[in-house]
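Structure file final09.csv with CSV, C-alpha atoms and all ligand atoms:
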```csv
chain,number,residue,atom,x,y,z
C,1,MET,CA,-14.6,-13.1,10.1
C,2,SER,CA,-15.0,-9.8,8.3
C,3,GLU,CA,-15.2,-6.4,10.0
C,4,GLN,CA,-18.4,-5.5,8.4
C,5,GLU,CA,-21.5,-7.1,7.0
C,6,LYS,CA,-21.7,-7.6,3.3
C,7,PRO,CA,-24.8,-6.8,1.4
C,8,VAL,CA,-27.0,-9.3,-0.3
C,9,CYS,CA,-27.0,-9.4,-4.1
C,10,PRO,CA,-30.4,-7.9,-5.3
C,11,LYS,CA,-30.5,-10.4,-8.1
C,12,CYS,CA,-29.4,-13.7,-6.6
C,13,ASN,CA,-30.5,-12.8,-3.0
C,14,VAL,CA,-27.3,-14.4,-1.7
C,15,VAL,CA,-24.3,-12.9,0.2
C,16,ASP,CA,-21.8,-15.7,-0.6
C,17,HIS,CA,-20.6,-14.3,-3.9
C,18,VAL,CA,-20.7,-10.6,-3.1
C,19,VAL,CA,-17.3,-8.8,-3.0
C,20,LEU,CA,-16.4,-5.2,-2.4
C,21,VAL,CA,-15.3,-3.4,-5.5
C,22,ASN,CA,-11.9,-2.2,-4.3
C,23,THR,CA,-10.9,0.3,-6.9
C,24,ILE,CA,-9.6,3.0,-4.5
C,25,GLN,CA,-7.9,0.4,-2.4
C,26,LYS,CA,-5.7,-0.7,-5.3
C,27,ALA,CA,-4.9,2.8,-6.3
C,28,GLY,CA,-4.2,3.8,-2.7
C,29,THR,CA,-1.8,0.9,-2.4
C,30,ALA,CA,0.1,2.0,-5.5
C,31,VAL,CA,0.1,5.7,-4.6
C,32,GLY,CA,1.0,5.0,-1.0
C,33,GLY,CA,3.8,2.7,-2.0
C,34,VAL,CA,5.4,5.2,-4.3
C,35,THR,CA,4.9,8.1,-1.9
C,36,GLY,CA,6.3,5.9,0.9
C,37,ALA,CA,9.3,4.9,-1.1
C,38,VAL,CA,10.2,8.6,-1.9
C,39,THR,CA,9.6,9.6,1.7
C,40,GLY,CA,11.6,6.6,3.0
C,41,TYR,CA,14.5,7.4,0.6
C,42,VAL,CA,14.6,11.0,1.8
C,43,GLY,CA,14.1,10.1,5.4
C,44,ALA,CA,16.9,7.5,5.2
C,45,GLU,CA,19.4,10.3,4.6
C,46,SER,CA,20.6,10.0,8.2
C,47,GLY,CA,20.8,6.2,7.8
C,48,ALA,CA,22.6,6.7,4.6
C,49,THR,CA,25.1,9.0,6.3
C,50,VAL,CA,25.8,6.4,9.0
C,51,GLY,CA,26.2,3.8,6.2
C,52,GLY,CA,28.6,6.1,4.5
C,53,VAL,CA,30.6,6.6,7.6
C,54,ILE,CA,30.8,2.9,8.2
C,55,GLY,CA,31.6,2.3,4.6
C,56,SER,CA,34.4,4.8,4.8
C,57,VAL,CA,36.6,2.1,6.3
C,58,ILE,CA,37.1,1.4,2.6
C,59,PRO,CA,37.4,5.0,1.3
C,60,VAL,CA,35.4,6.3,-1.7
C,61,VAL,CA,33.9,3.0,-2.9
C,62,GLY,CA,32.7,2.1,0.6
C,63,THR,CA,31.3,5.5,1.2
C,64,GLY,CA,29.2,5.4,-2.0
C,65,VAL,CA,28.0,1.8,-1.4
C,66,GLY,CA,27.1,2.7,2.2
C,67,ILE,CA,25.1,5.7,1.1
C,68,ILE,CA,23.3,3.8,-1.6
C,69,ALA,CA,22.5,0.9,0.7
C,70,GLY,CA,21.0,3.3,3.3
C,71,GLY,CA,18.9,5.1,0.8
C,72,VAL,CA,17.6,1.9,-0.8
C,73,THR,CA,16.8,0.4,2.5
C,74,GLY,CA,14.8,3.5,3.4
C,75,ALA,CA,13.0,3.4,0.1
C,76,VAL,CA,12.0,-0.3,0.5
C,77,LEU,CA,10.8,0.1,4.0
C,78,GLY,CA,9.0,3.3,3.0
C,79,PHE,CA,7.4,1.5,0.1
C,80,PHE,CA,5.9,-1.2,2.3
C,81,THR,CA,4.8,1.2,5.0
C,82,GLY,CA,3.3,3.5,2.5
C,83,ALA,CA,1.6,0.7,0.6
C,84,ALA,CA,0.1,-0.6,3.8
C,85,VAL,CA,-1.2,2.8,4.7
C,86,GLY,CA,-2.6,3.5,1.2
C,87,ASN,CA,-4.2,0.1,1.2
C,88,GLY,CA,-6.0,0.8,4.5
C,89,VAL,CA,-7.1,4.3,3.5
C,90,GLY,CA,-8.3,3.0,0.1
C,91,LYS,CA,-10.2,0.2,1.6
C,92,HIS,CA,-11.9,2.6,4.0
C,93,ILE,CA,-12.9,4.8,1.1
C,94,ASP,CA,-14.2,1.8,-0.9
C,95,THR,CA,-16.1,0.5,2.0
C,96,TYR,CA,-17.6,3.5,3.7
C,97,ILE,CA,-17.7,6.3,1.0
C,98,ILE,CA,-18.2,4.5,-2.3
C,99,GLY,CA,-19.8,1.3,-1.0
C,100,GLU,CA,-19.9,-0.4,-4.4
C,101,TYR,CA,-20.2,-4.2,-4.5
C,102,ARG,CA,-20.1,-6.8,-7.2
C,103,CYS,CA,-21.7,-10.2,-7.3
C,104,ASN,CA,-19.3,-12.8,-8.7
C,105,LYS,CA,-22.2,-15.2,-9.4
C,106,CYS,CA,-24.3,-13.0,-11.8
C,107,GLY,CA,-21.9,-10.1,-12.4
C,108,ASN,CA,-24.3,-7.6,-11.0
C,109,GLU,CA,-22.8,-4.4,-9.6
C,110,PHE,CA,-24.7,-2.4,-7.1
C,111,GLU,CA,-24.2,0.3,-4.4
C,112,VAL,CA,-25.4,0.1,-0.9
P,1,ZN,ZN,-25.9,-11.9,-8.0
```

Could you render the structure as structure tokens?
Amino acid sequence: MSEQEKPVCPKCNVVDHVVLVNTIQKAGTAVGGVTGAVTGYVGAESGATVGGVIGSVIPVVGTGVGIIAGGVTGAVLGFFTGAAVGNGVGKHIDTYIIGEYRCNKCGNEFEV
């Protein structure tokens, strides 16, 4: 089920209620999402240009809408891609570098 073995709570001596404390994973998701959105927005410049050209069928207004749509699409795609990458990197750090776990039964926090 999980890709790694969870440790046993030193107090309860059970594994069922032990969860990884995923502080970095959460931060990584947020940071990755924002970074991805910015990168996606900038990277969507070419897409925005295409959108602008297509939108130019209706001059001025269409050009603006096309450029905005292209940039927003890039930012949204970048956000989800960046969030996924940040989530994965953060989880890796939480799991293999910090290795801090919490028992939801007794509230005990411990490192492995
Ligand atoms: Zn416990």

What lies within 10 Å of Gly33 (chain C) using all atoms listed in the file, ignoring chain neighbours under 3 positions off, as an MDAnalysis selection string? chainID C and resid 27:30 36:39 75:87

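Note that the spacing between CA of Gln25 (chain C) and CA of Asp94 (chain C) amounts to 6.6 Å.
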
Please extract the residues at most 12 Å from ligand ZN 1 (chain P), counting only C-alpha atoms and all ligand atoms, and provide them as a ChimeraX atom specification, using the chain letters and residue numbers of this document. /C:7-19,101-110

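Note that the spacing between CA of Gly88 (chain C) and CA of Gly74 (chain C) amounts to 21.0 Å.
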
note - CA of Val21 (chain C) and CA of Glu100 (chain C) are separated by 5.6 Å

Across C:Gly66, C:Val31, C:Thr73, C:Leu20, the smallest distance to Gly43 (chain C), with only C-alpha atoms counted, is shown by C:Thr73

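Closest approach to Gly99 (chain C) among C:Thr23, C:Gly32, C:Gly70, C:Tyr41: C:Thr23, based on only C-alpha atoms.
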
(-25.8, 5.3, -3.9) in this file's frame - what residues fall within 8 Å of it? Use all atoms listed in the file and give the answer as a ChimeraX atom specification. /C:98-99,111-112

Could I get region 76-102 of chain C rebuilt with N, CA and C atoms, written as a PDB file, in the coordinates of the input?
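Contents of the output file result-v6.pdb:
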```pdb
ATOM      1  N   VAL C  76      12.788   1.010   0.397  1.00  0.00           N
ATOM      2  CA  VAL C  76      12.000  -0.300   0.500  1.00  0.00           C
ATOM      3  C   VAL C  76      11.119  -0.280   1.664  1.00  0.00           C
ATOM      4  N   LEU C  77      11.660   0.095   2.813  1.00  0.00           N
ATOM      5  CA  LEU C  77      10.800   0.100   4.000  1.00  0.00           C
ATOM      6  C   LEU C  77       9.698   1.132   3.840  1.00  0.00           C
ATOM      7  N   GLY C  78      10.017   2.290   3.238  1.00  0.00           N
ATOM      8  CA  GLY C  78       9.000   3.300   3.000  1.00  0.00           C
ATOM      9  C   GLY C  78       7.924   2.807   2.056  1.00  0.00           C
ATOM     10  N   PHE C  79       8.334   2.023   1.063  1.00  0.00           N
ATOM     11  CA  PHE C  79       7.400   1.500   0.100  1.00  0.00           C
ATOM     12  C   PHE C  79       6.334   0.621   0.805  1.00  0.00           C
ATOM     13  N   PHE C  80       6.820  -0.319   1.612  1.00  0.00           N
ATOM     14  CA  PHE C  80       5.900  -1.200   2.300  1.00  0.00           C
ATOM     15  C   PHE C  80       5.015  -0.538   3.292  1.00  0.00           C
ATOM     16  N   THR C  81       5.609   0.407   4.012  1.00  0.00           N
ATOM     17  CA  THR C  81       4.800   1.200   5.000  1.00  0.00           C
ATOM     18  C   THR C  81       3.765   1.995   4.257  1.00  0.00           C
ATOM     19  N   GLY C  82       4.196   2.695   3.208  1.00  0.00           N
ATOM     20  CA  GLY C  82       3.300   3.500   2.500  1.00  0.00           C
ATOM     21  C   GLY C  82       2.187   2.718   1.784  1.00  0.00           C
ATOM     22  N   ALA C  83       2.548   1.544   1.243  1.00  0.00           N
ATOM     23  CA  ALA C  83       1.600   0.700   0.600  1.00  0.00           C
ATOM     24  C   ALA C  83       0.530   0.197   1.584  1.00  0.00           C
ATOM     25  N   ALA C  84       0.982  -0.135   2.782  1.00  0.00           N
ATOM     26  CA  ALA C  84       0.100  -0.600   3.800  1.00  0.00           C
ATOM     27  C   ALA C  84      -0.908   0.495   4.223  1.00  0.00           C
ATOM     28  N   VAL C  85      -0.377   1.711   4.379  1.00  0.00           N
ATOM     29  CA  VAL C  85      -1.200   2.800   4.700  1.00  0.00           C
ATOM     30  C   VAL C  85      -2.209   3.149   3.621  1.00  0.00           C
ATOM     31  N   GLY C  86      -1.701   3.195   2.385  1.00  0.00           N
ATOM     32  CA  GLY C  86      -2.600   3.500   1.200  1.00  0.00           C
ATOM     33  C   GLY C  86      -3.632   2.414   1.069  1.00  0.00           C
ATOM     34  N   ASN C  87      -3.254   1.175   1.319  1.00  0.00           N
ATOM     35  CA  ASN C  87      -4.200   0.100   1.200  1.00  0.00           C
ATOM     36  C   ASN C  87      -5.328   0.249   2.246  1.00  0.00           C
ATOM     37  N   GLY C  88      -4.972   0.602   3.460  1.00  0.00           N
ATOM     38  CA  GLY C  88      -6.000   0.800   4.500  1.00  0.00           C
ATOM     39  C   GLY C  88      -6.887   1.957   4.241  1.00  0.00           C
ATOM     40  N   VAL C  89      -6.288   3.073   3.808  1.00  0.00           N
ATOM     41  CA  VAL C  89      -7.100   4.300   3.500  1.00  0.00           C
ATOM     42  C   VAL C  89      -8.011   3.982   2.332  1.00  0.00           C
ATOM     43  N   GLY C  90      -7.460   3.352   1.282  1.00  0.00           N
ATOM     44  CA  GLY C  90      -8.300   3.000   0.100  1.00  0.00           C
ATOM     45  C   GLY C  90      -9.417   2.108   0.427  1.00  0.00           C
ATOM     46  N   LYS C  91      -9.162   1.110   1.268  1.00  0.00           N
ATOM     47  CA  LYS C  91     -10.200   0.200   1.600  1.00  0.00           C
ATOM     48  C   LYS C  91     -11.314   0.890   2.406  1.00  0.00           C
ATOM     49  N   HIS C  92     -10.920   1.819   3.253  1.00  0.00           N
ATOM     50  CA  HIS C  92     -11.900   2.600   4.000  1.00  0.00           C
ATOM     51  C   HIS C  92     -12.794   3.400   3.085  1.00  0.00           C
ATOM     52  N   ILE C  93     -12.162   4.030   2.081  1.00  0.00           N
ATOM     53  CA  ILE C  93     -12.900   4.800   1.100  1.00  0.00           C
ATOM     54  C   ILE C  93     -13.872   3.919   0.325  1.00  0.00           C
ATOM     55  N   ASP C  94     -13.356   2.776  -0.146  1.00  0.00           N
ATOM     56  CA  ASP C  94     -14.200   1.800  -0.900  1.00  0.00           C
ATOM     57  C   ASP C  94     -15.373   1.360  -0.080  1.00  0.00           C
ATOM     58  N   THR C  95     -15.122   1.071   1.177  1.00  0.00           N
ATOM     59  CA  THR C  95     -16.100   0.500   2.000  1.00  0.00           C
ATOM     60  C   THR C  95     -17.179   1.487   2.485  1.00  0.00           C
ATOM     61  N   TYR C  96     -16.706   2.625   2.996  1.00  0.00           N
ATOM     62  CA  TYR C  96     -17.600   3.500   3.700  1.00  0.00           C
ATOM     63  C   TYR C  96     -18.055   4.722   2.854  1.00  0.00           C
ATOM     64  N   ILE C  97     -17.296   5.080   1.823  1.00  0.00           N
ATOM     65  CA  ILE C  97     -17.700   6.300   1.000  1.00  0.00           C
ATOM     66  C   ILE C  97     -18.281   5.857  -0.301  1.00  0.00           C
ATOM     67  N   ILE C  98     -17.649   4.920  -0.997  1.00  0.00           N
ATOM     68  CA  ILE C  98     -18.200   4.500  -2.300  1.00  0.00           C
ATOM     69  C   ILE C  98     -19.218   3.403  -2.105  1.00  0.00           C
ATOM     70  N   GLY C  99     -18.861   2.377  -1.373  1.00  0.00           N
ATOM     71  CA  GLY C  99     -19.800   1.300  -1.000  1.00  0.00           C
ATOM     72  C   GLY C  99     -20.335   0.571  -2.255  1.00  0.00           C
ATOM     73  N   GLU C 100     -19.452   0.291  -3.219  1.00  0.00           N
ATOM     74  CA  GLU C 100     -19.900  -0.400  -4.400  1.00  0.00           C
ATOM     75  C   GLU C 100     -19.496  -1.872  -4.331  1.00  0.00           C
ATOM     76  N   TYR C 101     -20.469  -2.727  -4.608  1.00  0.00           N
ATOM     77  CA  TYR C 101     -20.200  -4.200  -4.500  1.00  0.00           C
ATOM     78  C   TYR C 101     -20.505  -4.857  -5.833  1.00  0.00           C
ATOM     79  N   ARG C 102     -19.876  -6.005  -6.018  1.00  0.00           N
ATOM     80  CA  ARG C 102     -20.100  -6.800  -7.200  1.00  0.00           C
ATOM     81  C   ARG C 102     -20.431  -8.220  -6.797  1.00  0.00           C
TER      82      ARG C 102
END
```
